[in-house]
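Structure first, commentary second.
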Amino acid sequence: MNKLKVLHFPDSRLRIVAKKVENVDQNIKDIIDQMFFTMYEEKGIGLAATQVNIHKRIIVIDVSEKKDERICLINPAILSLSNDADIYEEGCLSVPGFYENVSRPKDIKVSTLNYNGELIEIEASGLLSTCIQHEIDHLNGKLFVDHISSLKRNRIAKKIVKLKKEGTLTSRKNTPNYKSAT
Ligand code: GNR
Ligand code: NI
């Protein structure tokens with residue numbers, strides 16, 4: 001299985017809006033399989049195709065402890081968001097080593113195609129809800145750092161560019177945590 005390369009903020013390709021999948025064929029299933037493999041290798045709880053430079057509306061998620069509950073979303077559409085908010089300290093494989101609090105709607109309802117190309121509905125709360133919203137943002141060219149102040153965002157961008165120049169940034173697995181850019 002192939003591990004795909006994850007793009008890092010502030011790469012402009014992370015700003016591309018992903019296109020709808022027309023047909024859940026073998027080619028799409030191969031992409032999904034590679035995305036799950038990459039997500040598990042990188043120790044992420046979710047991955048959007050945009051992050052691996054594939055600009056199709058595909059998301060893979062596994063928020064389970066045992067890493068045995070695959071959720072795959074193709075062309076997800078938000079049906080409803082709750083009015084109450086939840087705050088999570090978010091991280092992102094495309095913003096390695098940086099974590100910030102983000103407030104988002106607590107509950108979400110989405111309709112989506114699954115791995116078998118069937119139209120299903122998913123209702124989520126807690127970490128899964130946060131993760132689905134974080135991943136749908138990716139498909140729309142948005143990152144969690146867009147939810148924090150531009151001052152913090154620009155500092156994070158500068159630090160990542162510097163770490164990449166030094167060659168000390170490879171993946172989140174071996175990157176120390178920069179708790180907050182404040
Ligand atoms: O691994 C991840 N952890 C995470 C933690 C809190 C909120 C969202 C996430 S998603 C992230 C993986 C990732 O970058 N997905 O796009
Ligand atoms: Ni992310």
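In the structure tokens, each chain is lettered A, B, ... as it comes, each chain's residues begin at 1, and ligands are numbered from 1 in order of appearance.
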Within 6 Å of region 148-158 of chain A using only C-alpha atoms, minus same-chain residues under 2 positions, as a list in words: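 Using only C-alpha atoms, the neighbours found are Pro10, Val145, Asp146, Ile160, Val161 and Ala181 of chain A.
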How would you report the residues lying within 8 Å of ligand 2, as a list in words, if you count only C-alpha atoms and all ligand atoms? Gly46, Leu47, Ala48, Gln51, Gly91, Cys92, Leu93, Ser94, Val95, His134, Glu135, His138, Leu143 and Phe144 of chain A
Smallest atom-to-atom distance to ligand 1: which of A:Asp86, A:Asp33, A:Glu69, A:Glu42, using only C-alpha atoms and all ligand atoms?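 Ranking A:Asp86, A:Asp33, A:Glu69, A:Glu42 by distance to ligand 1, first place goes to A:Glu42.
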Kindly indicate which residue among A:Thr168, A:Asn27, A:Ser82, A:Asn101 lies nearest to Lys56 (chain A), using only C-alpha atoms for the distances.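 Distance minimum relative to Lys56 (chain A) lands on A:Asn27.
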Exercise: Glu118 (chain A) partners within 12 Å, only C-alpha atoms, chain neighbours under 6 positions left out, as a PyMOL selection string: chain A and resi 23-24+72-76+111-112
If you keep N, CA, C and O atoms, can you produce a file of those selected residues as an mmCIF file, in the first residue's frame?
data_model
loop_
_atom_site.group_PDB
_atom_site.id
_atom_site.type_symbol
_atom_site.label_atom_id
_atom_site.label_comp_id
_atom_site.auth_asym_id
_atom_site.auth_seq_id
_atom_site.Cartn_x
_atom_site.Cartn_y
_atom_site.Cartn_z
ATOM 1 N N ASN A 23 -18.822 9.188 -9.808
ATOM 2 C CA ASN A 23 -19.074 7.758 -9.769
ATOM 3 C C ASN A 23 -18.158 7.102 -8.755
ATOM 4 O O ASN A 23 -16.947 7.282 -8.831
ATOM 5 N N VAL A 24 -18.704 6.343 -7.814
ATOM 6 C CA VAL A 24 -17.856 5.650 -6.840
ATOM 7 C C VAL A 24 -17.370 4.349 -7.490
ATOM 8 O O VAL A 24 -17.894 3.271 -7.237
ATOM 9 N N CYS A 72 -16.225 6.636 5.837
ATOM 10 C CA CYS A 72 -15.816 7.269 4.596
ATOM 11 C C CYS A 72 -16.958 8.129 4.081
ATOM 12 O O CYS A 72 -18.105 7.680 4.016
ATOM 13 N N LEU A 73 -16.667 9.384 3.776
ATOM 14 C CA LEU A 73 -17.681 10.305 3.266
ATOM 15 C C LEU A 73 -17.309 10.734 1.855
ATOM 16 O O LEU A 73 -16.187 11.170 1.610
ATOM 17 N N ILE A 74 -18.249 10.595 0.937
ATOM 18 C CA ILE A 74 -18.055 11.038 -0.444
ATOM 19 C C ILE A 74 -19.170 12.032 -0.769
ATOM 20 O O ILE A 74 -20.350 11.740 -0.540
ATOM 21 N N ASN A 75 -18.798 13.211 -1.253
ATOM 22 C CA ASN A 75 -19.760 14.297 -1.536
ATOM 23 C C ASN A 75 -20.647 14.600 -0.330
ATOM 24 O O ASN A 75 -21.874 14.686 -0.457
ATOM 25 N N PRO A 76 -20.083 14.794 0.860
ATOM 26 C CA PRO A 76 -20.929 15.059 2.034
ATOM 27 C C PRO A 76 -21.656 16.398 1.900
ATOM 28 O O PRO A 76 -21.098 17.356 1.350
ATOM 29 N N SER A 111 -25.694 14.252 4.901
ATOM 30 C CA SER A 111 -26.021 13.169 3.989
ATOM 31 C C SER A 111 -24.791 12.980 3.117
ATOM 32 O O SER A 111 -24.087 13.945 2.782
ATOM 33 N N THR A 112 -24.485 11.741 2.801
ATOM 34 C CA THR A 112 -23.230 11.443 2.110
ATOM 35 C C THR A 112 -23.305 10.086 1.408
ATOM 36 O O THR A 112 -24.127 9.239 1.783
#
Have a look at A:Gln34, A:Phe9, A:Asp68, A:Asn114 and name the one nearest to ligand 1; count only C-alpha atoms and all ligand atoms.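 So, comparing all the options, the nearest one is A:Phe9.
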Excluding same-chain residues fewer than 4 positions from Ala124 (chain A), what lies within 10 Å of it counting only C-alpha atoms, as a compact mmCIF listing (two decimals) with N, CA, C and O atoms, in the first residue's frame?
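That gives us result_25.txt:
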# COMPACT_ATOMS: atom_id res chain seq x y z
N LEU A 81 -26.86 21.92 11.45
CA LEU A 81 -25.86 22.15 12.49
C LEU A 81 -26.61 22.67 13.70
O LEU A 81 -27.55 23.45 13.55
N LYS A 106 -22.07 22.05 17.91
CA LYS A 106 -21.91 20.81 18.68
C LYS A 106 -22.33 19.56 17.89
O LYS A 106 -21.58 18.60 17.79
N ASP A 107 -23.53 19.63 17.30
CA ASP A 107 -24.06 18.46 16.59
C ASP A 107 -24.17 18.75 15.10
O ASP A 107 -24.38 19.89 14.69
N ILE A 108 -24.05 17.69 14.32
CA ILE A 108 -24.14 17.84 12.87
C ILE A 108 -24.91 16.67 12.27
O ILE A 108 -24.89 15.55 12.80
N LYS A 109 -25.63 16.97 11.19
CA LYS A 109 -26.30 15.92 10.43
C LYS A 109 -25.85 16.09 8.98
O LYS A 109 -25.95 17.19 8.43
N VAL A 110 -25.33 15.03 8.40
CA VAL A 110 -24.88 15.10 7.01
C VAL A 110 -25.51 13.98 6.18
O VAL A 110 -25.84 12.90 6.71
N LEU A 128 -16.46 13.27 16.82
CA LEU A 128 -16.80 12.93 15.44
C LEU A 128 -17.41 14.12 14.70
O LEU A 128 -17.08 14.38 13.55
N SER A 129 -18.28 14.87 15.40
CA SER A 129 -18.88 16.06 14.80
C SER A 129 -17.81 17.09 14.44
O SER A 129 -17.79 17.63 13.33
N THR A 130 -16.90 17.33 15.37
CA THR A 130 -15.79 18.26 15.15
C THR A 130 -14.95 17.81 13.96
O THR A 130 -14.60 18.61 13.08
N CYS A 131 -14.66 16.51 13.93
CA CYS A 131 -13.81 15.98 12.87
C CYS A 131 -14.49 16.11 11.50
O CYS A 131 -13.84 16.53 10.53
N ILE A 132 -15.76 15.77 11.41
CA ILE A 132 -16.48 15.89 10.14
C ILE A 132 -16.45 17.34 9.66
O ILE A 132 -16.18 17.61 8.48
In terms of only C-alpha atoms and all ligand atoms, the residue from A:Glu166, A:Asp84, A:Asp62, A:Glu22 at minimal distance from ligand 1 is A:Asp62
Which residue out of A:Val21, A:Ile78, A:Val63, A:Ile71 has the minimum interatomic distance to ligand 1 when only C-alpha atoms and all ligand atoms are used? A:Val63
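Counting only C-alpha atoms and comparing A:Leu14, A:Leu113, A:Ile136, A:Ala85, the residue that lies closest to Ile28 (chain A) is A:Leu113.
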Measure the distance from CA of Ala18 (chain A) to CA of Val52 (chain A) in Å and round it to one decimal. 11.6 Å
CA of Ile32 (chain A) and CA of Asn116 (chain A), how far apart in Å? 11.3 Å
CA of Ile58 (chain A) sits from CA of Pro96 (chain A) at a separation of 21.1 Å
